[in-house]
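See structure below.
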Amino acid sequence: MPDLFSDVAPARCSDAAPPWKQVLPGAEPKVVRDELVAAAEWVSRYLSELPAGSVSRPMRAEHRARLREGSLAPQGAELGRVLDFVRAEIAPYPSGNGHPAFFAWVNSPPAPAGLIAELLAGAVNATCGMGENALMDLERGTVRTLAGLAGLPDGTGGVLTSGGSMANLLALATARSWFLTRRGSGDGPDYDRDHARLTLYYSAQAHMSVSKAAACIGVPAHRLRPVPADAQDRLDPDALRAAVAADTDAGFLPFCTVSTLGTTATGAVDPLEAVTSVCRGAGMWHHADGAWGGLGAAVPALAPLYRGVGDVDSLTVDPHKTLSVPVGCGALLVPDPGHLHTAFAHRASYLTAGETDALPWLSHSTVELTRPGTRALALWATLNHLGRDGVTALIEHYLTLAARLRDKITADPRLELLAGGPWPAACFRVTDVAPDDADALHTRVARRIQEGGRAYLATVEVRGRTVLRACVCNYRTTTDDLDVLLGEVAAAVDADRGRSGRTDGAE
């Protein structure tokens, strides 16, 4: 096998070491191969043993301080030190989302195909922003596959992103560009005048990344309009229509509404067709944030809720949530990808496309120029490992377990189910607790469960109350894990009452 690290030109002296060996000591192909094998064996063992361990483990203050030091020794370490460091300093302190009893947030474990693909893509190390390479075309193909699963029309384009937050930011920037360009105020004094009147609408249940994205594109908080939700936690189209009309009469410029497909708190799906109708009537862009629930059209039980999804102007999907692609893979899908090019295409003399390039570089569809190819290959590998039927089966697995969890909560007289669904979430509260202590109790219970390490869930605010929230997003989760979770809730409540000296909900 040829030495992949050898010089292009031969060394002047036959006994001289290649220059790379002086700056990368110990990086000989055999050493690299041995360390890769050792790392692969450790990864396999780590994943197989993970369900038997603690969900999470708190870090000692001195350990955190050591990681934060950022010190660097004068002399470099051997390659084997990388695995030693991860094994001792990183792996024992996970966020917990790889464990099947993790129910806190929509953070999935890594799919095996995605893990393998990330290693391979890292070795190829191509950028999917400029130039032309196979991974850039693969990204275009995986975007089309996602669009098909999501129910978007043929010709849909887009880009892979670091996650839903970046996809939502790109969507709002694109909506702004589209809206102002149509008004003839894409630049100059007219831009300043109209930009100062833009207003954005979204459900009160929308993800916080929407308001953060608005701030990033220069739409301040006083021109953001959280629209009330109905009894099922869905955006109320009548309230949206009234808010848009009131702002129009006041001289504002409604430019975009963001609907949510799978709200973070309860898993609700906003009414797509009704929101699109309001947007079309007011000349607004309709962006659907489906970071969690963007692929619902692929699931027969959910498909009726996704009628009209093909009419949205843009859609966020997070494969690292629903499909377990390793963290760092979101997507923005746009039926008319030309709108992305209008918003983000910039030219530079040192970035001139060759005459054979048939398509715009993907950097013309996003703010990133250097973009990792790991996203495209990890998504492609995961999708091809699952197949279309596997994608549906994976989501149905989550829905089935969540339905069972909600049934178990409903059957327990100590608990009350407050909200949940159609996406796999359950929001619930402890029943026999004094009203003035309820919010604090649920916070204490969640913290106690997290610290115990056998399960992990979080709290959320639902209709003004702090309650417990569990979501299912791990392909390894079973009904046994549901029982572990509810057992931990009961034990945490009992322990809390023992701490406070209470035996029931009375003061």
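All residue names refer to the structure tokens as shown: chains lettered A, B, ... in order, residues numbered from 1 in each chain, ligands numbered from 1 in order.
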Which residues of range 271-342 of chain A come within 12 Å of range 472-493 of chain A, and for each one, what is the closest pair of atoms and their distance in Å to one decimal, counting only C-alpha atoms, sorted by chain and residue number, as a tab-separated table?
residue	atom	partner	partner_atom	distance
A:Trp292	CA	A:Cys473	CA	9.8
A:Gly293	CA	A:Cys473	CA	11.6
A:Pro319	CA	A:Cys473	CA	11.7
A:His320	CA	A:Cys473	CA	10.2
A:Lys321	CA	A:Cys473	CA	7.3
A:Thr322	CA	A:Cys473	CA	7.1
A:Leu323	CA	A:Cys473	CA	8.9
A:Ser324	CA	A:Asn474	CA	7.9
A:Val325	CA	A:Asn474	CA	11.5
Just-selected residues, C-alpha atoms written as a compact mmCIF listing (two decimals), in the first residue's frame:
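So selection12.txt came out as:
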# COMPACT_ATOMS: atom_id res chain seq x y z
CA TRP A 292 -39.12 17.37 15.48
CA GLY A 293 -42.21 16.56 13.44
CA PRO A 319 -32.64 14.33 11.11
CA HIS A 320 -30.61 14.25 14.33
CA LYS A 321 -33.91 14.23 16.21
CA THR A 322 -36.35 12.01 14.34
CA LEU A 323 -33.88 9.75 12.52
CA SER A 324 -31.01 9.50 15.06
CA VAL A 325 -28.43 10.89 12.68
Contacts of Thr263 in chain A within 8 Å, only C-alpha atoms, excl. fewer than 2 positions in-chain, as a PDB file with C-alpha atoms, in the first residue's frame:
ATOM      1  CA  GLN A 205     -45.745  27.212  21.700  1.00  0.00           C
ATOM      2  CA  ALA A 206     -42.994  27.795  19.113  1.00  0.00           C
ATOM      3  CA  HIS A 207     -39.390  26.845  19.801  1.00  0.00           C
ATOM      4  CA  THR A 260     -44.749  24.356  14.374  1.00  0.00           C
ATOM      5  CA  LEU A 261     -44.984  20.675  13.471  1.00  0.00           C
ATOM      6  CA  ALA A 265     -43.549  21.143  25.035  1.00  0.00           C
ATOM      7  CA  THR A 266     -46.424  18.885  24.026  1.00  0.00           C
ATOM      8  CA  GLY A 267     -45.813  17.535  20.496  1.00  0.00           C
ATOM      9  CA  ALA A 268     -48.724  19.451  18.940  1.00  0.00           C
ATOM     10  CA  VAL A 269     -49.030  20.102  15.191  1.00  0.00           C
ATOM     11  CA  TRP A 292     -39.121  17.366  15.483  1.00  0.00           C
TER      12      TRP A 292
END
> Could you name the residues that touch Ile116 in chain A at 12 Å or less, counting only C-alpha atoms, but leaving out those on the same chain fewer than 3 positions away, as a list in words?
Replying inline: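 Near neighbours after the sequence-gap exclusion: Leu36, Ala39, Ala40, Val43, Ser44, Pro110, Ala111, Pro112, Ala113, Leu119, Leu120, Ala121, Gly122, Ala123, Val325, Pro326, Thr374, Leu377, Ala378, Leu379, Trp380, Ala381, Thr382 and His385 of chain A.
The space between CA of Leu272 in chain A and CA of Val312 in chain A spans 8.0 Å.
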> Taking the backbone alone, and naming residues the way the document does, which bits of range 186-221 of chain A are alpha helix (DSSP H) by DSSP, as a PyMOL selection string?
Replying inline: chain A and resi 188-195+208-216
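Of the residues under consideration (A:Arg234, A:Arg454, A:His339, A:His222), A:Arg234 shows the shortest atom-to-atom contact distance to Ala204 in chain A when counting only C-alpha atoms.
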Got a sec: who's within 8 Å of range 47-60 of chain A, counting only C-alpha atoms, leaving out chain neighbours fewer than 3 positions off, as a tab-separated table (two decimals) with C-alpha atoms, in the first residue's frame?
chain	number	residue	atom	x	y	z
A	43	VAL	CA	-17.06	2.65	20.49
A	44	SER	CA	-18.72	-0.72	19.92
A	63	HIS	CA	-12.93	17.90	36.79
A	64	ARG	CA	-14.88	20.69	35.12
A	92	PRO	CA	-18.13	9.01	31.90
A	93	TYR	CA	-19.98	12.34	31.86
A	94	PRO	CA	-22.55	12.24	29.04
A	95	SER	CA	-25.63	14.41	28.66
A	96	GLY	CA	-27.58	11.16	28.86
A	97	ASN	CA	-29.32	11.14	25.49
A	98	GLY	CA	-27.74	7.87	24.40
A	99	HIS	CA	-29.49	5.95	27.21
A	100	PRO	CA	-32.90	4.34	26.58
A	101	ALA	CA	-34.23	5.81	29.86
A	102	PHE	CA	-33.51	9.38	28.76
A	450	GLN	CA	-31.64	13.32	37.06
A	451	GLU	CA	-29.22	12.99	39.95
A	453	GLY	CA	-29.01	8.24	37.20
A	454	ARG	CA	-31.63	5.55	36.50
A	455	ALA	CA	-33.80	7.76	34.28
A	456	TYR	CA	-33.85	11.35	33.08
> At what distance in Å, to one decimal, does CA of Leu200 in chain A lie from CA of Ala221 in chain A?
Replying inline: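 Computing the Euclidean distance for CA of Ala221 in chain A and CA of Leu200 in chain A yields 9.6 Å.
With CA of Glu396 in chain A on one side and CA of Pro422 in chain A on the other, the separation reads 11.1 Å.
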> Would you give me, as an MDAnalysis selection string, the residues in range 137-381 of chain A that DSSP reads as strand (DSSP E or B)?
Replying inline: chainID A and resid 157:161 198:203 224:227 229 235 253:261 269 285:290 314:317 330:334 372
Could you save the residues just selected, with C-alpha atoms, as a PDB file, in the first residue's frame?
ATOM      1  CA  GLY A 157     -34.070  22.075  -2.724  1.00  0.00           C
ATOM      2  CA  GLY A 158     -32.317  23.270   0.385  1.00  0.00           C
ATOM      3  CA  VAL A 159     -29.307  22.696   2.559  1.00  0.00           C
ATOM      4  CA  LEU A 160     -28.245  20.646   5.536  1.00  0.00           C
ATOM      5  CA  THR A 161     -27.510  22.687   8.647  1.00  0.00           C
ATOM      6  CA  LEU A 198     -41.463  43.989   9.554  1.00  0.00           C
ATOM      7  CA  THR A 199     -43.520  41.856  11.951  1.00  0.00           C
ATOM      8  CA  LEU A 200     -43.208  38.126  12.565  1.00  0.00           C
ATOM      9  CA  TYR A 201     -45.910  35.729  13.782  1.00  0.00           C
ATOM     10  CA  TYR A 202     -45.564  32.347  15.466  1.00  0.00           C
ATOM     11  CA  SER A 203     -47.385  30.150  17.933  1.00  0.00           C
ATOM     12  CA  LEU A 224     -42.670  39.735  17.328  1.00  0.00           C
ATOM     13  CA  ARG A 225     -46.204  38.388  17.699  1.00  0.00           C
ATOM     14  CA  PRO A 226     -46.624  35.164  19.706  1.00  0.00           C
ATOM     15  CA  VAL A 227     -50.087  33.982  18.636  1.00  0.00           C
ATOM     16  CA  ALA A 229     -52.764  28.505  21.006  1.00  0.00           C
ATOM     17  CA  LEU A 235     -51.679  27.941  16.755  1.00  0.00           C
ATOM     18  CA  LEU A 253     -45.520  44.902   7.471  1.00  0.00           C
ATOM     19  CA  PRO A 254     -46.432  41.284   8.314  1.00  0.00           C
ATOM     20  CA  PHE A 255     -43.827  39.284   6.390  1.00  0.00           C
ATOM     21  CA  CYS A 256     -43.778  35.747   7.798  1.00  0.00           C
ATOM     22  CA  THR A 257     -45.654  33.266   9.975  1.00  0.00           C
ATOM     23  CA  VAL A 258     -43.912  30.267  11.532  1.00  0.00           C
ATOM     24  CA  SER A 259     -46.042  27.228  12.256  1.00  0.00           C
ATOM     25  CA  THR A 260     -44.749  24.356  14.374  1.00  0.00           C
ATOM     26  CA  LEU A 261     -44.984  20.675  13.471  1.00  0.00           C
ATOM     27  CA  VAL A 269     -49.030  20.102  15.191  1.00  0.00           C
ATOM     28  CA  TRP A 285     -44.132  33.695   3.771  1.00  0.00           C
ATOM     29  CA  HIS A 286     -45.178  30.498   5.605  1.00  0.00           C
ATOM     30  CA  HIS A 287     -42.301  28.706   7.289  1.00  0.00           C
ATOM     31  CA  ALA A 288     -43.036  25.424   9.065  1.00  0.00           C
ATOM     32  CA  ASP A 289     -40.687  24.485  11.881  1.00  0.00           C
ATOM     33  CA  GLY A 290     -40.743  20.698  11.731  1.00  0.00           C
ATOM     34  CA  SER A 314     -40.016  26.454   3.681  1.00  0.00           C
ATOM     35  CA  LEU A 315     -39.695  23.604   6.168  1.00  0.00           C
ATOM     36  CA  THR A 316     -37.194  22.816   8.900  1.00  0.00           C
ATOM     37  CA  VAL A 317     -36.413  19.142   9.580  1.00  0.00           C
ATOM     38  CA  GLY A 330     -30.574  19.654  10.474  1.00  0.00           C
ATOM     39  CA  ALA A 331     -32.110  20.717   7.195  1.00  0.00           C
ATOM     40  CA  LEU A 332     -33.916  23.615   5.575  1.00  0.00           C
ATOM     41  CA  LEU A 333     -36.127  22.529   2.674  1.00  0.00           C
ATOM     42  CA  VAL A 334     -37.455  25.110   0.205  1.00  0.00           C
ATOM     43  CA  PRO A 372     -18.766  19.609   6.650  1.00  0.00           C
TER      44      PRO A 372
END
>> Residues within 12 Å of Ala425 in chain A, please, as number ranges by chain. Count only C-alpha atoms; anything in the same chain fewer than 4 positions from it doesn't count.
In response: A: 103-106, 262-268, 292-293, 398-406, 409, 417-421, 457-460, 468-473
